[in-house]
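Q: Below you'll find structure-v1.tsv; it's TSV, C-alpha atoms and all ligand atoms.
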chain	number	residue	atom	x	y	z
S	940	MET	CA	10.86	-14.10	6.36
S	941	GLU	CA	8.59	-15.68	8.99
S	942	SER	CA	8.01	-19.39	9.55
S	943	SER	CA	7.85	-19.89	13.32
S	944	CYS	CA	4.51	-21.68	13.42
S	945	ASP	CA	1.86	-22.39	10.79
S	946	GLU	CA	2.18	-19.37	8.52
S	947	THR	CA	4.88	-19.08	5.87
S	948	ALA	CA	5.30	-15.41	5.10
S	949	ILE	CA	7.59	-13.16	3.07
S	950	ALA	CA	7.26	-9.40	3.07
S	951	ILE	CA	9.19	-6.49	1.66
S	952	VAL	CA	9.38	-3.46	3.96
S	953	ARG	CA	10.96	-0.06	3.29
S	954	ASN	CA	12.77	1.69	6.15
S	955	GLY	CA	10.93	-0.33	8.78
S	956	ARG	CA	7.74	1.64	8.19
S	957	GLU	CA	6.29	0.95	4.77
S	958	GLN	CA	4.80	-2.32	3.58
S	959	LEU	CA	5.69	-2.95	-0.09
S	960	ALA	CA	4.63	-6.61	-0.19
S	961	ASN	CA	2.94	-8.99	2.22
S	962	ALA	CA	2.80	-12.58	0.95
S	963	ILE	CA	1.42	-15.27	3.26
S	964	ALA	CA	0.64	-18.97	2.88
S	965	SER	CA	-1.50	-20.22	5.74
S	966	GLN	CA	-1.51	-23.88	6.73
S	967	ILE	CA	-4.62	-23.59	8.89
S	968	ASP	CA	-6.84	-25.80	6.72
S	969	THR	CA	-4.34	-28.65	6.92
S	970	HIS	CA	-3.75	-28.46	10.69
S	971	ALA	CA	-7.51	-28.07	11.32
S	972	LEU	CA	-7.87	-31.73	10.30
S	973	TYR	CA	-5.83	-32.64	13.41
S	974	GLY	CA	-7.27	-30.03	15.79
S	975	GLY	CA	-3.93	-28.20	16.17
S	976	VAL	CA	-0.55	-27.56	14.59
S	977	VAL	CA	1.38	-30.74	13.68
S	978	PRO	CA	5.03	-29.59	13.79
S	979	GLU	CA	6.42	-32.01	11.21
S	980	ILE	CA	3.72	-31.13	8.71
S	981	ALA	CA	4.32	-27.44	9.38
S	982	SER	CA	8.04	-27.75	8.53
S	983	ARG	CA	7.37	-29.59	5.30
S	984	MET	CA	4.71	-27.14	4.19
S	985	HIS	CA	7.06	-24.20	4.86
S	986	VAL	CA	9.64	-25.76	2.55
S	987	GLU	CA	7.06	-26.12	-0.21
S	988	ALA	CA	5.68	-22.60	0.20
S	989	ILE	CA	8.81	-20.46	0.56
S	990	ASP	CA	10.15	-20.07	-2.99
S	991	PRO	CA	6.81	-19.23	-4.64
S	992	LEU	CA	6.17	-16.70	-1.85
S	993	LEU	CA	9.41	-14.87	-2.63
S	994	ASP	CA	8.36	-14.60	-6.26
S	995	ALA	CA	4.93	-13.36	-5.20
S	996	ALA	CA	6.39	-10.75	-2.84
S	997	LEU	CA	8.86	-9.42	-5.43
S	998	ALA	CA	6.06	-9.23	-8.02
S	999	GLU	CA	3.77	-7.40	-5.60
S	1000	ALA	CA	6.50	-4.82	-4.89
S	1001	HIS	CA	7.52	-4.62	-8.60
S	1002	MET	CA	11.07	-5.43	-7.56
S	1003	THR	CA	13.90	-7.84	-8.14
S	1004	LEU	CA	16.41	-9.12	-5.59
S	1005	ASP	CA	18.71	-6.29	-6.71
S	1006	ASN	CA	16.41	-3.86	-4.90
S	1007	ILE	CA	16.73	-5.68	-1.58
S	1008	ASP	CA	19.25	-4.44	1.03
S	1009	ALA	CA	19.00	-7.08	3.76
S	1010	VAL	CA	17.30	-10.33	4.70
S	1011	ALA	CA	15.54	-10.44	8.10
S	1012	VAL	CA	14.38	-13.76	9.48
S	1013	THR	CA	12.58	-15.03	12.60
S	1014	TYR	CA	14.99	-17.30	14.51
S	1015	GLY	CA	12.79	-17.85	17.60
S	1016	PRO	CA	10.67	-18.46	19.56
S	1017	GLY	CA	8.64	-21.11	17.77
S	1018	LEU	CA	8.63	-24.69	16.54
S	1019	VAL	CA	12.21	-25.79	15.91
S	1020	GLY	CA	11.61	-27.48	12.55
S	1021	ALA	CA	9.46	-24.63	11.33
S	1022	LEU	CA	12.04	-22.04	12.38
S	1023	LEU	CA	14.87	-24.04	10.81
S	1024	THR	CA	13.27	-24.03	7.37
S	1025	GLY	CA	13.07	-20.24	7.44
S	1026	VAL	CA	16.52	-19.71	8.96
S	1027	SER	CA	18.18	-22.07	6.46
S	1028	TRP	CA	16.36	-20.49	3.56
S	1029	ALA	CA	17.23	-16.95	4.69
S	1030	LYS	CA	20.90	-17.87	5.13
S	1031	ALA	CA	20.99	-19.33	1.63
S	1032	LEU	CA	19.34	-16.23	0.19
S	1033	ALA	CA	21.64	-13.84	2.07
S	1034	TYR	CA	24.72	-15.81	0.97
S	1035	ALA	CA	23.68	-16.15	-2.66
S	1036	ALA	CA	22.58	-12.52	-3.02
S	1037	GLY	CA	25.46	-11.13	-0.93
S	1038	LEU	CA	23.10	-9.47	1.57
S	1039	PRO	CA	23.36	-8.92	5.34
S	1040	LEU	CA	21.38	-11.37	7.46
S	1041	VAL	CA	19.33	-9.90	10.34
S	1042	PRO	CA	18.05	-12.19	13.13
S	1043	VAL	CA	14.64	-11.24	14.52
S	1044	ASN	CA	12.81	-12.33	17.67
S	1045	HIS	CA	9.23	-13.20	16.74
S	1046	ILE	CA	7.79	-11.34	19.75
S	1047	GLU	CA	9.76	-8.22	18.88
S	1048	GLY	CA	8.30	-8.66	15.41
S	1049	HIS	CA	4.76	-8.54	16.79
S	1050	VAL	CA	5.54	-5.29	18.65
S	1051	SER	CA	7.07	-3.81	15.48
S	1052	ALA	CA	3.89	-4.37	13.44
S	1053	ASN	CA	2.86	-1.12	15.10
S	1054	TYR	CA	5.66	0.80	13.34
S	1055	VAL	CA	4.21	-0.11	9.94
S	1056	ALA	CA	0.59	0.39	10.99
S	1057	HIS	CA	1.30	3.74	12.65
S	1058	PRO	CA	4.09	5.68	10.92
S	1059	ASP	CA	3.99	8.38	13.64
S	1060	LEU	CA	4.47	5.96	16.57
S	1061	ARG	CA	7.82	6.35	18.31
S	1062	PRO	CA	9.04	4.87	21.59
S	1063	PRO	CA	8.51	5.13	24.50
S	1064	PHE	CA	5.25	3.21	24.75
S	1065	VAL	CA	3.77	0.36	26.74
S	1066	CYS	CA	2.84	-2.66	24.61
S	1067	LEU	CA	0.60	-5.59	25.41
S	1068	VAL	CA	1.77	-8.61	23.38
S	1069	ALA	CA	-0.70	-11.50	23.44
S	1070	SER	CA	-0.30	-14.45	21.08
S	1071	GLY	CA	-0.79	-18.20	21.01
S	1072	GLY	CA	2.40	-18.83	22.98
S	1073	HIS	CA	3.14	-15.57	24.84
S	1074	SER	CA	1.50	-12.86	26.90
S	1075	HIS	CA	3.68	-9.95	27.97
S	1076	ILE	CA	3.36	-6.33	28.99
S	1077	LEU	CA	6.49	-4.54	27.78
S	1078	ASN	CA	7.82	-1.06	28.20
S	1079	VAL	CA	9.37	-0.20	24.84
S	1080	THR	CA	11.86	2.41	25.98
S	1081	ARG	CA	13.71	2.87	22.66
S	1082	TYR	CA	13.77	1.04	19.34
S	1083	GLY	CA	14.89	-2.49	20.19
S	1084	GLU	CA	14.98	-1.87	23.96
S	1085	TYR	CA	12.41	-3.50	26.17
S	1086	ALA	CA	11.71	-3.76	29.88
S	1087	LEU	CA	9.43	-6.59	30.91
S	1088	ILE	CA	6.66	-5.24	33.15
S	1089	GLY	CA	4.39	-8.26	33.39
S	1090	GLN	CA	3.71	-11.63	31.84
S	1091	THR	CA	1.55	-14.68	32.15
S	1092	THR	CA	2.48	-17.01	34.98
S	1093	ASP	CA	1.09	-20.01	33.10
S	1094	ASP	CA	-0.84	-20.26	29.80
S	1095	ALA	CA	-0.78	-17.65	27.06
S	1096	ALA	CA	-4.03	-15.80	26.33
S	1097	GLY	CA	-4.35	-17.31	22.84
S	1098	GLU	CA	-3.81	-20.79	24.22
S	1099	ALA	CA	-6.69	-20.24	26.66
S	1100	PHE	CA	-8.93	-19.09	23.80
S	1101	ASP	CA	-8.01	-22.16	21.75
S	1102	LYS	CA	-8.58	-24.63	24.60
S	1103	VAL	CA	-11.93	-23.21	25.68
S	1104	ALA	CA	-12.99	-23.15	22.02
S	1105	ARG	CA	-12.29	-26.85	21.85
S	1106	VAL	CA	-14.67	-27.52	24.75
S	1107	LEU	CA	-17.34	-25.63	22.83
S	1108	ASP	CA	-16.64	-27.83	19.76
S	1109	ILE	CA	-15.36	-24.82	17.84
S	1110	PRO	CA	-12.85	-26.07	15.23
S	1111	TYR	CA	-9.17	-25.06	15.20
S	1112	PRO	CA	-8.07	-22.27	15.34
S	1113	GLY	CA	-10.51	-21.55	18.11
S	1114	GLY	CA	-9.66	-17.93	18.98
S	1115	PRO	CA	-11.09	-16.10	15.97
S	1116	LEU	CA	-14.19	-18.30	15.73
S	1117	LEU	CA	-14.91	-18.01	19.45
S	1118	ASP	CA	-14.59	-14.23	19.07
S	1119	ARG	CA	-17.26	-14.20	16.36
S	1120	LEU	CA	-19.58	-16.46	18.35
S	1121	ALA	CA	-19.15	-14.24	21.42
S	1122	ASP	CA	-20.36	-11.21	19.42
S	1123	GLU	CA	-23.86	-12.73	19.51
S	1124	GLY	CA	-23.82	-13.71	23.18
S	1125	ASP	CA	-24.57	-12.16	26.57
S	1126	ASP	CA	-21.35	-11.77	28.54
S	1127	HIS	CA	-23.17	-11.77	31.90
S	1128	ALA	CA	-24.83	-15.13	31.30
S	1129	TYR	CA	-22.11	-17.19	32.99
S	1130	THR	CA	-19.88	-16.23	35.91
S	1131	PHE	CA	-16.23	-17.25	35.86
S	1132	PRO	CA	-13.60	-16.64	38.55
S	1133	HIS	CA	-11.27	-13.67	38.34
S	1134	PRO	CA	-7.86	-15.31	38.87
S	1135	HIS	CA	-5.48	-13.79	41.34
S	1136	THR	CA	-1.77	-13.36	40.50
S	1137	GLN	CA	1.17	-12.62	42.77
S	1138	GLY	CA	2.73	-10.04	40.48
S	1139	LYS	CA	0.80	-6.79	40.16
S	1140	TYR	CA	1.14	-6.78	36.36
S	1141	ASP	CA	1.07	-10.53	35.72
S	1142	PHE	CA	-1.71	-12.57	34.13
S	1143	SER	CA	-2.89	-16.08	34.84
S	1144	PHE	CA	-5.11	-17.90	32.36
S	1145	SER	CA	-4.70	-21.49	33.44
S	1146	GLY	CA	-7.03	-21.21	36.46
S	1147	LEU	CA	-9.68	-19.42	34.42
S	1148	LYS	CA	-9.39	-21.94	31.59
S	1149	THR	CA	-9.73	-24.89	34.00
S	1150	ALA	CA	-12.70	-23.32	35.80
S	1151	VAL	CA	-14.42	-22.66	32.48
S	1152	ILE	CA	-13.78	-26.17	31.19
S	1153	ASN	CA	-14.92	-27.73	34.50
S	1154	GLN	CA	-18.11	-25.71	34.45
S	1155	ALA	CA	-18.85	-26.91	30.92
S	1156	HIS	CA	-18.32	-30.56	31.90
S	1157	HIS	CA	-20.38	-30.12	35.05
S	1158	LEU	CA	-23.33	-28.63	33.17
S	1159	ARG	CA	-23.17	-31.38	30.58
S	1160	GLN	CA	-23.13	-34.08	33.27
S	1161	GLN	CA	-26.27	-32.55	34.73
S	1162	GLY	CA	-27.85	-32.61	31.30
S	1163	VAL	CA	-28.00	-28.79	31.15
S	1164	ALA	CA	-27.45	-27.47	27.62
S	1165	ILE	CA	-24.65	-24.92	27.26
S	1166	ASP	CA	-25.49	-21.79	25.34
S	1167	ALA	CA	-22.28	-21.59	23.30
S	1168	LYS	CA	-22.75	-17.92	22.37
S	1169	ASN	CA	-23.29	-16.82	25.97
S	1170	PHE	CA	-20.52	-19.10	27.21
S	1171	ALA	CA	-18.08	-17.71	24.62
S	1172	ALA	CA	-19.11	-14.12	25.42
S	1173	SER	CA	-18.67	-14.60	29.19
S	1174	PHE	CA	-15.26	-16.22	28.75
S	1175	ARG	CA	-14.07	-13.58	26.29
S	1176	ARG	CA	-15.15	-10.87	28.71
S	1177	SER	CA	-13.13	-12.45	31.55
S	1178	VAL	CA	-9.95	-12.71	29.47
S	1179	VAL	CA	-10.25	-9.23	27.99
S	1180	ASP	CA	-10.98	-7.61	31.37
S	1181	MET	CA	-7.84	-9.18	32.82
S	1182	LEU	CA	-5.66	-8.12	29.86
S	1183	VAL	CA	-7.01	-4.57	29.82
S	1184	GLU	CA	-6.89	-4.03	33.59
S	1185	LYS	CA	-3.28	-5.14	33.94
S	1186	THR	CA	-2.15	-3.26	30.86
S	1187	LEU	CA	-3.76	0.00	31.99
S	1188	LEU	CA	-2.28	-0.44	35.45
S	1189	ALA	CA	1.17	-0.92	33.89
S	1190	ALA	CA	0.68	2.14	31.68
S	1191	ARG	CA	-0.40	4.26	34.64
S	1192	ASP	CA	2.44	3.18	36.92
S	1193	THR	CA	5.12	3.71	34.27
S	1194	GLY	CA	3.72	7.11	33.38
S	1195	ALA	CA	3.20	6.05	29.77
S	1196	LYS	CA	1.45	8.37	27.35
S	1197	GLN	CA	1.20	5.84	24.53
S	1198	LEU	CA	-0.20	2.33	24.54
S	1199	ALA	CA	0.10	-0.28	21.78
S	1200	VAL	CA	-1.10	-3.86	21.40
S	1201	ALA	CA	0.27	-6.73	19.31
S	1202	GLY	CA	0.04	-10.48	18.65
S	1203	GLY	CA	-2.71	-12.78	17.41
S	1204	VAL	CA	-5.01	-12.08	20.36
S	1205	ALA	CA	-4.86	-8.36	19.47
S	1206	ALA	CA	-7.15	-9.39	16.61
S	1207	ASN	CA	-9.87	-9.96	19.23
S	1208	SER	CA	-12.67	-7.51	18.61
S	1209	LEU	CA	-13.59	-6.95	22.26
S	1210	LEU	CA	-9.95	-6.45	23.30
S	1211	ARG	CA	-9.52	-3.86	20.54
S	1212	ARG	CA	-12.69	-2.00	21.57
S	1213	GLU	CA	-12.02	-2.06	25.29
S	1214	LEU	CA	-8.35	-1.13	25.08
S	1215	ARG	CA	-9.21	1.86	22.92
S	1216	ARG	CA	-12.20	2.97	25.00
S	1217	ARG	CA	-10.64	2.57	28.42
S	1218	GLY	CA	-7.15	3.67	27.31
S	1219	GLU	CA	-8.39	6.86	25.69
S	1220	ALA	CA	-10.61	7.58	28.70
S	1221	ARG	CA	-7.36	7.77	30.68
S	1222	GLY	CA	-5.77	10.14	28.20
S	1223	LEU	CA	-3.53	7.60	26.48
S	1224	ARG	CA	-2.85	7.52	22.74
S	1225	VAL	CA	-3.84	3.97	21.78
S	1226	PHE	CA	-2.25	2.16	18.80
S	1227	ILE	CA	-3.87	-0.99	17.39
S	1228	PRO	CA	-2.55	-2.60	14.18
S	1229	PRO	CA	-5.01	-3.90	11.57
S	1230	VAL	CA	-6.00	-7.53	12.15
S	1231	ASN	CA	-3.76	-8.90	9.39
S	1232	LEU	CA	-0.68	-7.37	11.05
S	1233	CYS	CA	-1.67	-8.75	14.49
S	1234	THR	CA	-1.64	-12.42	13.46
S	1235	ASP	CA	1.62	-13.90	12.16
S	1236	ASN	CA	3.06	-12.17	9.10
S	1237	ALA	CA	6.46	-11.13	7.75
S	1238	VAL	CA	5.82	-7.38	7.52
S	1239	MET	CA	6.39	-7.19	11.27
S	1240	ILE	CA	9.64	-9.14	10.91
S	1241	GLY	CA	10.85	-6.69	8.25
S	1242	ALA	CA	9.99	-3.76	10.51
S	1243	ALA	CA	11.85	-5.22	13.50
S	1244	GLY	CA	14.73	-6.24	11.22
S	1245	TYR	CA	15.15	-2.68	9.97
S	1246	TYR	CA	15.85	-1.35	13.45
S	1247	ARG	CA	18.23	-4.25	14.22
S	1248	LEU	CA	20.03	-3.56	10.93
S	1249	MET	CA	20.32	0.14	11.79
S	1250	ALA	CA	21.83	-0.87	15.14
S	1251	GLY	CA	24.35	-3.06	13.26
S	1252	GLU	CA	23.05	-6.25	14.81
S	1253	LEU	CA	23.68	-8.82	12.09
S	1254	ALA	CA	23.93	-12.59	12.19
S	1255	SER	CA	26.62	-14.78	10.66
S	1256	LEU	CA	25.83	-17.75	8.45
S	1257	ARG	CA	26.10	-19.85	11.61
S	1258	LEU	CA	22.74	-18.48	12.81
S	1259	ASN	CA	20.64	-21.25	14.34
S	1260	ALA	CA	16.98	-21.50	15.33
S	1261	VAL	CA	16.32	-20.85	19.04
S	1262	PRO	CA	12.91	-22.36	19.81
S	1263	ALA	CA	12.72	-21.01	23.39
S	1264	LEU	CA	14.19	-17.57	22.62
S	1265	ARG	CA	13.09	-15.06	25.23
S	1266	MET	CA	12.15	-11.46	24.72
S	1267	ILE	CA	14.55	-10.05	27.26
S	1268	GLU	CA	17.53	-12.11	26.07
S	1269	ALA	CA	16.83	-10.70	22.64
S	1270	GLN	CA	17.78	-7.19	23.81
S	1271	ALA	CA	21.01	-8.43	25.40
S	1272	ASP	CA	22.18	-10.06	22.14
S	1301	LIG	O1	0.52	-14.28	17.05
S	1301	LIG	P1	-0.19	-15.46	16.49
S	1301	LIG	O2	-0.77	-15.37	15.12
S	1301	LIG	O3	0.75	-16.73	16.55
S	1301	LIG	C1	1.62	-16.92	17.61
S	1301	LIG	O4	2.71	-16.31	17.60
S	1301	LIG	O5	1.21	-17.65	18.55
S	1301	LIG	O6	-1.33	-15.81	17.56
S	1301	LIG	C2	-2.18	-16.89	17.38
S	1301	LIG	C3	-3.16	-16.92	18.53
S	1301	LIG	C4	-4.03	-18.17	18.53
S	1301	LIG	O7	-4.09	-18.68	19.84
S	1301	LIG	C5	-5.37	-17.64	18.07
S	1301	LIG	O8	-6.46	-18.38	18.56
S	1301	LIG	C6	-5.36	-16.24	18.66
S	1301	LIG	O9	-4.05	-15.79	18.45
S	1301	LIG	N1	-6.32	-15.36	17.98
S	1301	LIG	C7	-7.40	-14.84	18.59
S	1301	LIG	C8	-8.11	-14.11	17.61
S	1301	LIG	N2	-7.42	-14.21	16.44
S	1301	LIG	C9	-6.33	-14.98	16.69
S	1301	LIG	N3	-7.82	-14.95	19.87
S	1301	LIG	C10	-8.96	-14.30	20.18
S	1301	LIG	N4	-9.70	-13.58	19.30
S	1301	LIG	C11	-9.31	-13.46	18.01
S	1301	LIG	N5	-10.03	-12.75	17.14
S	1302	ZN	ZN	3.01	-14.81	16.52
Please, can you express the file's structure as structure tokens?
A:
Amino acid sequence: MESSCDETAIAIVRNGREQLANAIASQIDTHALYGGVVPEIASRMHVEAIDPLLDAALAEAHMTLDNIDAVAVTYGPGLVGALLTGVSWAKALAYAAGLPLVPVNHIEGHVSANYVAHPDLRPPFVCLVASGGHSHILNVTRYGEYALIGQTTDDAAGEAFDKVARVLDIPYPGGPLLDRLADEGDDHAYTFPHPHTQGKYDFSFSGLKTAVINQAHHLRQQGVAIDAKNFAASFRRSVVDMLVEKTLLAARDTGAKQLAVAGGVAANSLLRRELRRRGEARGLRVFIPPVNLCTDNAVMIGAAGYYRLMAGELASLRLNAVPALRMIEAQAD
């Protein structure tokens, strides 16, 4: 069960590797009216969507609750009200059906989408996780064990996509639409700064985002028309180059042989192309989940939950939502 932001999702997963059902209710159309996610609306829409989604997932898998062995639920990070609807619902289901309850970190979920997409992928591997709220480079040493190699020092990559999209008058959610626009543009048309970071494997998107937004305002003030396609393409190129460079550096320095990517930004077409091309050129095996397993879904939560369940890491019915849950605390649980 996943409800950390604006997607309500219920999936059924077998042995952490096989997707039997993948039911999702997206709230994007509603939040688009406001230009971003409205937390209170998100919580209420989760409540409305959950029960029908369980029925849909069971029907898709041709199953009843009797066939289910455990309930895995995202308990953080995310919007507190949104998380609470899912956590409360999952606790009720686990209690009523007499099933173990497995708490899952949303970011670990994103990483675990790769286990379903690539049944032959086994740790160790380096994983770039880039979503709307997080950007990390992780070394996945064993199932459920992570070392943080690098992270953003300010904004997440997806956040930068969404904010620059707004300046280009691209409606919410900006990332995917900016990506499509960029496909038709020239990525050399505009020059943006290449932000410097202290940490060798860290990212910084805030400086780039501000420079890009300032340049747009400046051009407009001078009455110069912005070519949105070229602007989008140049910005996308800057973000992707930074993500790919740091990830490949991390892979090289850790001696990794396998590289995976996860999170909503992993749906970006240029990032997918470049990571594969440049990763394989360095002899890495590169794993990229299909787009629908990169953006929020519950299949990834089921996959992560399986390995937590196997490790005996269950939650009691006192489980609470943890909006600021961190990736590294998750392994120490
Ligand atoms: O992982 P996700 O679905 O939700 C969070 O956990 O945050 O990621 C959503 C983020 C948004 O910022 C969205 O704009 C971005 O992923 N995103 C993309 C693309 N598809 C989604 N960014 C760039 N290109 C895309 N194709
Ligand atoms: Zn996510």
Q: Taking 2 positions as the minimum chain separation for residues in the same chain, which residues sit within 8 Å of Phe1174 of chain S when counting only C-alpha atoms? Answer as a JSON list (two decimals) with C-alpha atoms, keeping the file's coordinate frame.
A:
[["chain", "number", "residue", "atom", "x", "y", "z"],
["S", 1126, "ASP", "CA", -21.35, -11.77, 28.54],
["S", 1131, "PHE", "CA", -16.23, -17.25, 35.86],
["S", 1151, "VAL", "CA", -14.42, -22.66, 32.48],
["S", 1170, "PHE", "CA", -20.52, -19.10, 27.21],
["S", 1171, "ALA", "CA", -18.08, -17.71, 24.62],
["S", 1172, "ALA", "CA", -19.11, -14.12, 25.42],
["S", 1176, "ARG", "CA", -15.15, -10.87, 28.71],
["S", 1177, "SER", "CA", -13.13, -12.45, 31.55],
["S", 1178, "VAL", "CA", -9.95, -12.71, 29.47]]
Q: Enumerate as a PyMOL selection string the residues within 10 Å of ligand LIG 1301 (chain S), counting only C-alpha atoms and all ligand atoms.
A: chain S and resi 943-946+1016-1017+1045-1046+1048-1049+1068-1074+1095-1102+1104+1111-1119+1121+1175+1178-1179+1201-1211+1230-1236
Q: I'd like to know which of S:Ala1035, S:Met1239, S:Leu1187, S:Leu1256 is closest to ligand ZN 1302 (chain S), using all atoms listed in the file.
A: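 Checking each of S:Ala1035, S:Met1239, S:Leu1187, S:Leu1256 against ligand ZN 1302 (chain S), counting all atoms listed in the file, the winner is S:Met1239.
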Q: Between S:Tyr1014, S:Tyr973, S:Tyr1129, S:Phe1144, which one has atoms that come closest to Pro1262 of chain S, using all atoms listed in the file?
A: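 Between S:Tyr1014, S:Tyr973, S:Tyr1129, S:Phe1144, the residue approaching Pro1262 of chain S most closely is S:Tyr1014.
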Q: Which one is closest to ligand ZN 1302 (chain S): S:Val1225, S:Ala1128, S:Ile1240, S:Ala988? Count all atoms listed in the file.
A: S:Ile1240
Q: Would you compute the distance between atom CA of Val1026 of chain S and atom CA of Met1266 of chain S? Give it in Å to one decimal.
A: 18.3 Å
Q: Go through S:Met984, S:Leu997, S:Ala1199, S:Ile951 and flag the residue nearest Ile967 of chain S, using all atoms listed in the file for the distances.
A: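 Among the listed residues, the smallest separation from Ile967 of chain S belongs to S:Met984.
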Q: Find the residue from S:Ala1021, S:Leu1120, S:Ile1007, S:Ile949 that sits nearest to Glu979 of chain S; use all atoms listed in the file when measuring.
A: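 Counting all atoms listed in the file, the residue closest to Glu979 of chain S is S:Ala1021.
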Q: Using all atoms listed in the file, which residues sit within 12 Å of Leu1060 of chain S once same-chain residues fewer than 2 positions away are excluded, as a short mmCIF file (atom, residue, chain, number, x, y, z; two decimals) with C-alpha atoms, keeping the file's coordinate frame?
A:
data_model
loop_
_atom_site.label_atom_id
_atom_site.label_comp_id
_atom_site.auth_asym_id
_atom_site.auth_seq_id
_atom_site.Cartn_x
_atom_site.Cartn_y
_atom_site.Cartn_z
CA GLY S 955 10.93 -0.33 8.78
CA ARG S 956 7.74 1.64 8.19
CA VAL S 1050 5.54 -5.29 18.65
CA SER S 1051 7.07 -3.81 15.48
CA ALA S 1052 3.89 -4.37 13.44
CA ASN S 1053 2.86 -1.12 15.10
CA TYR S 1054 5.66 0.80 13.34
CA VAL S 1055 4.21 -0.11 9.94
CA ALA S 1056 0.59 0.39 10.99
CA HIS S 1057 1.30 3.74 12.65
CA PRO S 1058 4.09 5.68 10.92
CA PRO S 1062 9.04 4.87 21.59
CA PRO S 1063 8.51 5.13 24.50
CA PHE S 1064 5.25 3.21 24.75
CA VAL S 1065 3.77 0.36 26.74
CA CYS S 1066 2.84 -2.66 24.61
CA VAL S 1079 9.37 -0.20 24.84
CA ARG S 1081 13.71 2.87 22.66
CA TYR S 1082 13.77 1.04 19.34
CA LYS S 1196 1.45 8.37 27.35
CA GLN S 1197 1.20 5.84 24.53
CA LEU S 1198 -0.20 2.33 24.54
CA ALA S 1199 0.10 -0.28 21.78
CA ARG S 1224 -2.85 7.52 22.74
CA VAL S 1225 -3.84 3.97 21.78
CA PHE S 1226 -2.25 2.16 18.80
CA ILE S 1227 -3.87 -0.99 17.39
CA PRO S 1228 -2.55 -2.60 14.18
#
Q: Using all atoms listed in the file, find the one residue out of S:Leu1018, S:Leu1147, S:Leu1107, S:Leu1258 that sits nearest to ligand ZN 1302 (chain S).
A: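 Distance minimum relative to ligand ZN 1302 (chain S) lands on S:Leu1018.
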Q: Mind pulling up the distance from atom CA of Arg1215 of chain S to atom CA of Gly1241 of chain S?
A: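 Atom-to-atom, atom CA of Gly1241 of chain S and atom CA of Arg1215 of chain S are spaced 26.3 Å apart.
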